[in-house]
There are 2 protein chains.
Amino acid sequence: MKLLITGGAGFLGARLARTLLARGHLNGKPIEQLVLSDQFEAPADLRADARVQARTSPLLAQCQALKDETFDGVFHLASAVSGECEADFDLGLRSNLDSTRALLDALRSQSDRGIAATRLVFSSSVAVYGPDPAVPLPSIVGDDTFPAPQTSYGTHKLICEHLVADYTRKGYIDGRATRLMTVTVRPGRPNGAASSFFSGIIREPLAGEASICPVSPEVSHPVSSPQRTVEGLITVYEASRDAFVGRTAMNQPALNVTVQQMLDALEKVAGPAVRARVRFEKDERIASIVANWPKGASAARAAKLGLKPESGFEDIIRQYIADCASTPAALKGLSA
Amino acid sequence: MKLLITGGAGFLGARLARTLLARGHLNGKPIEQLVLSDQFEAPADLRADARVQARTSPLLAQCQALKDETFDGVFHLASAVSGECEADFDLGLRSNLDSTRALLDALRSQSDRGIAATRLVFSSSVAVYGPDPAVPLPSIVGDDTFPAPQTSYGTHKLICEHLVADYTRKGYIDGRATRLMTVTVRPGRPNGAASSFFSGIIREPLAGEASICPVSPEVSHPVSSPQRTVEGLITVYEASRDAFVGRTAMNQPALNVTVQQMLDALEKVAGPAVRARVRFEKDERIASIVANWPKGASAARAAKLGLKPESGFEDIIRQYIADCASTPAALKGLSA
């Protein structure tokens with residue numbers, strides 16, 4: 001089978017690619033070709049795999065050519081992140097809305113040519129929820145909570161969920177949208193996402209660096225580990241149409257955790273010296289964005305597919321430490 | 001003040017234009033210029049008004065030029081209807097989604113030029129509701145019912161609601177989306193809307209013609225008269241930002257009525273001979289679309305603005321008969 005991952009050089013996209021290549025199959029079929037589309041170059045280990053073809057340019061620029069191609073499946077992860085979308089309104093619309101629209105139209109041409117509709121998993125986000133002043137947000141958001149996004153990023157994700165649903169209803173694609181929780185711990189450097197600190201307050205102290213937490217310790221948030229998130233995307237892909245149930249997006253399972261619980265877990269796993277590298281310094285811009293996010297999420301439909309949240313934040317930290325085995329600099333704070 | 005009505009030559013747009021011109025003011029300011037944008041020519045009586053400028057071409061083609069203009073307010077009514085959108089997927093996306101996006105970007109340029117943000121009323125639709133198999137639809141849909149559209153038309157309306165909300169949040173426009181109920185009785189001929197029969201079963205018998213009802217008599221639906229709908233749009237325009245409450249779309253008041261009740265009212269107002277011109281003949285295509293629509297709607301937020309539904313369907317029929325005073329052919333069934 002031939003697969004496409006948009007955002008395939010990104011953190012989640014590359015991890016998904018590695019997981020798929022290691023499995024060798026998806027939905028019972030061998031993976032023969034894996035196209036990674038991204039504006040950035042794909043990691044070397046992926047480019048070295050004979051099954052991988054990396055295409056490095058903005059997704060929007062690639063979509064016209066996709067009209068003549070045939071894919072069995074697509075994971076559509078490419079997206080500008082929340083901070084970028086707030087800072088640059090046009091960039092957000094172009095990267096998230098226009099690109100998704102162009103991708104869906106390209107894939108639709110496949111069904112126009114009489115070929116079976118492509119299966120597509122769209123990575124939406126818990127950011128679709130937000131309190132409309134007229135509709136209070138429950139403390140835990142579920143699959144059927146009224147979505148009223150308070151950011152451009154969340155708005156684009158919700159809009160694309162509905163595009164995916166309508167292209168699917170018409171039979172142009174076999175689309176499934178699933179709302180990812182905040183993925184932590186992300187490796188590397190802080191990115192433009194307002195949620196970046198949910199990784200930073202763990203990653204930086206483990207690397208021996210100071211980290212600033214821009215929100216107060218009682219802030220609660222639904223999170224998931226990178227590997228659990230990747231497995232969730234694959235499960236949603238492999239679900240039968242009937243098992244997915246419903247047209248609208250499905251929440252991924254979340255571990256609902258406070259910043260305080262995250263730091264307590266860090267102290268338990270890595271010791272008090274590591275924990276002490278985090279200090280609180282409120283950033284009003286970030287705090288005001290985060291204040292509009294849900295405190296936690298439930299995932300009843302995902303549970304029916306067998307998906308479960310992590311059992312505790314210690315597990316998420318341990319997964320990160322295991323992931324860093326080949327990059328000792330990322331863990332030099334542990335031995336300091 | 002200078003106003004724009006998109007879809008200004010359409011049935012609702014022209015009625016809104018006549019109502020505004022007769023009032024002479026909006027939100028306390030005199031109406032000096034009224035631009036009617038429509039792909040069809042505006043009615044002669046409107047073109048004859050010195051305050052009116054009619055622009056006849058697709059909205060999408062007009063938006064680039066709008067970037068250099070300044071409007072105090074906009075009523076955005078232009079839209080392909082539900083039947084058209086189901087029949088021609090690209091037409092629907094172009095007419096409803098791309099045109100709205102281009103309009104919002106044009107209006108946004110006004111705020112970029114340092115001029116106060118345009119106030120915009122977007123006519124959304126009760127068609128945004130639909131039963132997602134995972135989220136059963138309540139029998140009466142309210143402002144905060146989970147919207148899961150089952151048609152392309154409803155999908156586009158919901159997407160545009162969220163675009164309006166986000167452009168408003170950013171301060172680019174002062175937008176308000178309000179969900180119109182099915183407007184009946186519409187004059188003229190049947191249009192491409194799946195809801196067209198809600199007017200046809202009253203209009204045709206009054207004109208002395210036979211009419212076919214494509215759904216069963218127990219089908220219930222939220223409706224509103226043309227004049228009540230126009231008044232609702234004006235009230236939403238004139239509401240202060242605080243009084244509108246909330247960011248998401250507000251339902252217009254609905255009279256929730258069954259087809260049987262509509263026909264009983266017709267018999268009461270116009271007599272059994274008129275009623276007898278309607279016969280039932282199920283159209284599976286239309287019935288399947290209508291089956292996914294809500295049976296009724298509530299409008300708690302609109303009620304806070306003083307908006308109320310009609311008290312009975314007889315009133316709606318009487319309004320139509322009064323509207324037809326100058327076109328006796330429309331009522332020749334009454335005297336037959």
# chains A, B, ... in the order shown; residues from 1 in each chain; ligands from 1
>>> interface_residues(of="chain B", to="chain A", cutoff="8 Å", atoms="only C-alpha atoms", output="list in words")
Asp132, Pro133, Ala134, Val135, Asp144, Thr145, Phe146, Pro147, Ala148, Gln150, Thr151, Ser152, Thr155, Ile159, His162, Leu163, Asp166, Arg169, Val245, Gly246, Arg247 and Thr248 of chain B
>>> write_last_selection(atoms="C-alpha atoms", output="PDB file, in the first residue's frame")
ATOM      1  CA  ASP B 132     -24.373  12.717  14.222  1.00  0.00           C
ATOM      2  CA  PRO B 133     -24.908   9.001  14.859  1.00  0.00           C
ATOM      3  CA  ALA B 134     -22.755   9.430  17.978  1.00  0.00           C
ATOM      4  CA  VAL B 135     -24.710  12.453  19.253  1.00  0.00           C
ATOM      5  CA  ASP B 144     -26.144  25.352  22.463  1.00  0.00           C
ATOM      6  CA  THR B 145     -27.157  22.113  20.717  1.00  0.00           C
ATOM      7  CA  PHE B 146     -24.152  20.292  19.266  1.00  0.00           C
ATOM      8  CA  PRO B 147     -24.133  21.151  15.550  1.00  0.00           C
ATOM      9  CA  ALA B 148     -23.316  18.253  13.228  1.00  0.00           C
ATOM     10  CA  GLN B 150     -25.677  16.441   7.409  1.00  0.00           C
ATOM     11  CA  THR B 151     -25.620  18.491   4.213  1.00  0.00           C
ATOM     12  CA  SER B 152     -22.962  20.501   2.419  1.00  0.00           C
ATOM     13  CA  THR B 155     -21.546  22.378   6.685  1.00  0.00           C
ATOM     14  CA  ILE B 159     -17.858  26.779   8.903  1.00  0.00           C
ATOM     15  CA  HIS B 162     -16.735  30.008  12.946  1.00  0.00           C
ATOM     16  CA  LEU B 163     -14.869  32.203  10.469  1.00  0.00           C
ATOM     17  CA  ASP B 166     -12.685  34.316  14.639  1.00  0.00           C
ATOM     18  CA  ARG B 169     -12.396  37.857  18.032  1.00  0.00           C
ATOM     19  CA  VAL B 245     -23.977  37.520  24.318  1.00  0.00           C
ATOM     20  CA  GLY B 246     -21.561  34.900  23.194  1.00  0.00           C
ATOM     21  CA  ARG B 247     -19.561  34.361  20.062  1.00  0.00           C
ATOM     22  CA  THR B 248     -21.338  31.505  18.360  1.00  0.00           C
TER      23      THR B 248
END
>>> select_by_dssp(residues="region 70-123 of chain B", states="alpha helix (DSSP H)", output="list in words")
Ser82, Gly83, Glu84, Cys85, Glu86, Ala87, Phe89, Asp90, Leu91, Gly92, Ser99, Thr100, Arg101, Ala102, Leu103, Leu104, Asp105, Ala106, Leu107, Arg108, Ser109, Gln110, Ser111 and Asp112 of chain B
>>> residues_around(residues="region 68-72 of chain B", least_positions_apart="3", cutoff="7 Å", atoms="only C-alpha atoms", output="PyMOL selection string")
chain B and resi 1-4+65+110+118-119
>>> atom_distance(atom1="CA of Ala265 (chain A)", atom2="CA of Gly208 (chain A)")
16.8 Å
>>> residues_around(residues="Lys29 (chain B)", least_positions_apart="2", cutoff="12 Å", atoms="only C-alpha atoms", output="ChimeraX atom specification")
/B:1-3,20,23-27,31-33,72-73,238
>>> write_last_selection(atoms="N, CA and C atoms", output="PDB file, in the first residue's frame")
ATOM      1  N   MET B   1     -24.887  56.582   6.713  1.00  0.00           N
ATOM      2  CA  MET B   1     -24.117  55.356   6.774  1.00  0.00           C
ATOM      3  C   MET B   1     -24.226  54.601   5.461  1.00  0.00           C
ATOM      4  N   LYS B   2     -23.218  53.776   5.227  1.00  0.00           N
ATOM      5  CA  LYS B   2     -23.168  53.004   3.986  1.00  0.00           C
ATOM      6  C   LYS B   2     -23.257  51.513   4.331  1.00  0.00           C
ATOM      7  N   LEU B   3     -24.222  50.860   3.712  1.00  0.00           N
ATOM      8  CA  LEU B   3     -24.472  49.452   4.003  1.00  0.00           C
ATOM      9  C   LEU B   3     -24.303  48.590   2.759  1.00  0.00           C
ATOM     10  N   LEU B  20     -35.260  48.433   5.183  1.00  0.00           N
ATOM     11  CA  LEU B  20     -34.258  49.405   5.637  1.00  0.00           C
ATOM     12  C   LEU B  20     -34.496  50.772   4.994  1.00  0.00           C
ATOM     13  N   ARG B  23     -37.462  52.447   6.617  1.00  0.00           N
ATOM     14  CA  ARG B  23     -37.082  52.975   7.933  1.00  0.00           C
ATOM     15  C   ARG B  23     -36.235  54.228   7.777  1.00  0.00           C
ATOM     16  N   GLY B  24     -35.263  54.150   6.859  1.00  0.00           N
ATOM     17  CA  GLY B  24     -34.383  55.293   6.614  1.00  0.00           C
ATOM     18  C   GLY B  24     -33.167  55.348   7.525  1.00  0.00           C
ATOM     19  N   HIS B  25     -33.149  54.520   8.554  1.00  0.00           N
ATOM     20  CA  HIS B  25     -32.016  54.560   9.475  1.00  0.00           C
ATOM     21  C   HIS B  25     -31.752  53.160  10.020  1.00  0.00           C
ATOM     22  N   LEU B  26     -30.571  53.001  10.568  1.00  0.00           N
ATOM     23  CA  LEU B  26     -30.212  51.725  11.196  1.00  0.00           C
ATOM     24  C   LEU B  26     -29.308  52.058  12.363  1.00  0.00           C
ATOM     25  N   ASN B  27     -29.634  51.466  13.506  1.00  0.00           N
ATOM     26  CA  ASN B  27     -28.804  51.680  14.686  1.00  0.00           C
ATOM     27  C   ASN B  27     -28.623  53.178  14.966  1.00  0.00           C
ATOM     28  N   ILE B  31     -29.449  56.044   6.719  1.00  0.00           N
ATOM     29  CA  ILE B  31     -28.885  55.204   5.652  1.00  0.00           C
ATOM     30  C   ILE B  31     -28.722  56.061   4.406  1.00  0.00           C
ATOM     31  N   GLU B  32     -27.476  56.348   4.049  1.00  0.00           N
ATOM     32  CA  GLU B  32     -27.212  57.197   2.880  1.00  0.00           C
ATOM     33  C   GLU B  32     -26.958  56.379   1.623  1.00  0.00           C
ATOM     34  N   GLN B  33     -26.286  55.256   1.797  1.00  0.00           N
ATOM     35  CA  GLN B  33     -25.962  54.412   0.638  1.00  0.00           C
ATOM     36  C   GLN B  33     -26.258  52.959   0.982  1.00  0.00           C
ATOM     37  N   ASP B  72     -20.165  50.806   6.812  1.00  0.00           N
ATOM     38  CA  ASP B  72     -20.513  50.802   8.230  1.00  0.00           C
ATOM     39  C   ASP B  72     -21.070  49.444   8.638  1.00  0.00           C
ATOM     40  N   GLY B  73     -21.815  48.837   7.716  1.00  0.00           N
ATOM     41  CA  GLY B  73     -22.415  47.559   8.068  1.00  0.00           C
ATOM     42  C   GLY B  73     -22.691  46.691   6.857  1.00  0.00           C
ATOM     43  N   GLU B 238     -28.636  45.590  15.309  1.00  0.00           N
ATOM     44  CA  GLU B 238     -28.709  46.727  16.237  1.00  0.00           C
ATOM     45  C   GLU B 238     -28.344  46.361  17.677  1.00  0.00           C
TER      46      GLU B 238
END
>>> select_by_dssp(residues="region 154-209 of chain B", states="strand (DSSP E)", output="PyMOL selection string")
chain B and resi 173-180+182-183
>>> residues_around(residues="Glu204 (chain B)", least_positions_apart="5", cutoff="12 Å", atoms="only C-alpha atoms", output="number ranges by chain")
B: 185-190, 196-199, 209-213, 266, 274-279, 329-334
>>> closest_residue(among="B:Ala270, B:Thr168, B:Thr235, B:Leu137", to="Asn292 (chain B)", atoms="only C-alpha atoms")
B:Leu137
>>> residues_around(residues="Val219 (chain B)", least_positions_apart="6", cutoff="10 Å", atoms="only C-alpha atoms", output="PyMOL selection string")
chain B and resi 257-261+287+290-291+293-295
>>> closest_atom_pairs(of="region 169-212 of chain B", to="region 120-128 of chain B", cutoff="7 Å", atoms="only C-alpha atoms", output="tab-separated table")
residue	atom	partner	partner_atom	distance
B:Ile173	CA	B:Leu120	CA	6.9
B:Asp174	CA	B:Leu120	CA	6.0
B:Gly175	CA	B:Leu120	CA	4.5
B:Arg176	CA	B:Val121	CA	5.0
B:Ala177	CA	B:Phe122	CA	4.6
B:Thr178	CA	B:Ser124	CA	5.4
B:Arg179	CA	B:Ser125	CA	4.1
B:Leu180	CA	B:Ser125	CA	4.7
B:Met181	CA	B:Val126	CA	5.6
>>> decode(residues="region 1-20 of chain A", atoms="N, CA and C atoms", output="CSV table (one decimal), in the first residue's frame")
chain,number,residue,atom,x,y,z
A,1,MET,N,0.8,-1.2,0.0
A,1,MET,CA,0.0,0.0,0.0
A,1,MET,C,0.9,1.3,0.0
A,2,LYS,N,0.3,2.3,-0.5
A,2,LYS,CA,1.0,3.6,-0.5
A,2,LYS,C,0.3,4.6,0.4
A,3,LEU,N,1.1,5.2,1.3
A,3,LEU,CA,0.6,6.1,2.3
A,3,LEU,C,1.2,7.5,2.2
A,4,LEU,N,0.5,8.5,2.6
A,4,LEU,CA,1.0,9.8,2.7
A,4,LEU,C,0.9,10.3,4.1
A,5,ILE,N,2.0,10.9,4.6
A,5,ILE,CA,1.9,11.6,5.9
A,5,ILE,C,2.2,13.1,5.7
A,6,THR,N,1.2,13.9,5.9
A,6,THR,CA,1.5,15.4,5.8
A,6,THR,C,2.1,15.8,7.1
A,7,GLY,N,3.0,16.7,7.1
A,7,GLY,CA,3.8,17.1,8.3
A,7,GLY,C,4.6,15.9,8.7
A,8,GLY,N,5.1,15.1,7.7
A,8,GLY,CA,5.8,13.9,7.9
A,8,GLY,C,7.2,14.0,8.5
A,9,ALA,N,7.7,15.2,8.4
A,9,ALA,CA,9.1,15.5,9.0
A,9,ALA,C,9.0,16.1,10.4
A,10,GLY,N,7.8,16.3,10.8
A,10,GLY,CA,7.6,16.9,12.1
A,10,GLY,C,7.8,15.9,13.2
A,11,PHE,N,7.6,16.3,14.4
A,11,PHE,CA,7.9,15.4,15.6
A,11,PHE,C,6.9,14.2,15.6
A,12,LEU,N,5.6,14.5,15.5
A,12,LEU,CA,4.7,13.4,15.5
A,12,LEU,C,4.7,12.6,14.2
A,13,GLY,N,4.8,13.4,13.1
A,13,GLY,CA,4.8,12.7,11.8
A,13,GLY,C,5.9,11.8,11.6
A,14,ALA,N,7.1,12.2,12.0
A,14,ALA,CA,8.3,11.3,11.9
A,14,ALA,C,8.2,10.1,12.8
A,15,ARG,N,7.6,10.3,14.0
A,15,ARG,CA,7.4,9.2,14.9
A,15,ARG,C,6.4,8.2,14.4
A,16,LEU,N,5.3,8.8,13.8
A,16,LEU,CA,4.3,7.9,13.2
A,16,LEU,C,5.0,7.1,12.0
A,17,ALA,N,5.8,7.8,11.2
A,17,ALA,CA,6.5,7.1,10.1
A,17,ALA,C,7.4,6.0,10.6
A,18,ARG,N,8.1,6.3,11.6
A,18,ARG,CA,9.0,5.2,12.2
A,18,ARG,C,8.2,4.0,12.7
A,19,THR,N,7.1,4.4,13.3
A,19,THR,CA,6.3,3.3,13.9
A,19,THR,C,5.7,2.4,12.8
A,20,LEU,N,5.2,3.1,11.7
A,20,LEU,CA,4.6,2.4,10.6
A,20,LEU,C,5.6,1.5,9.9
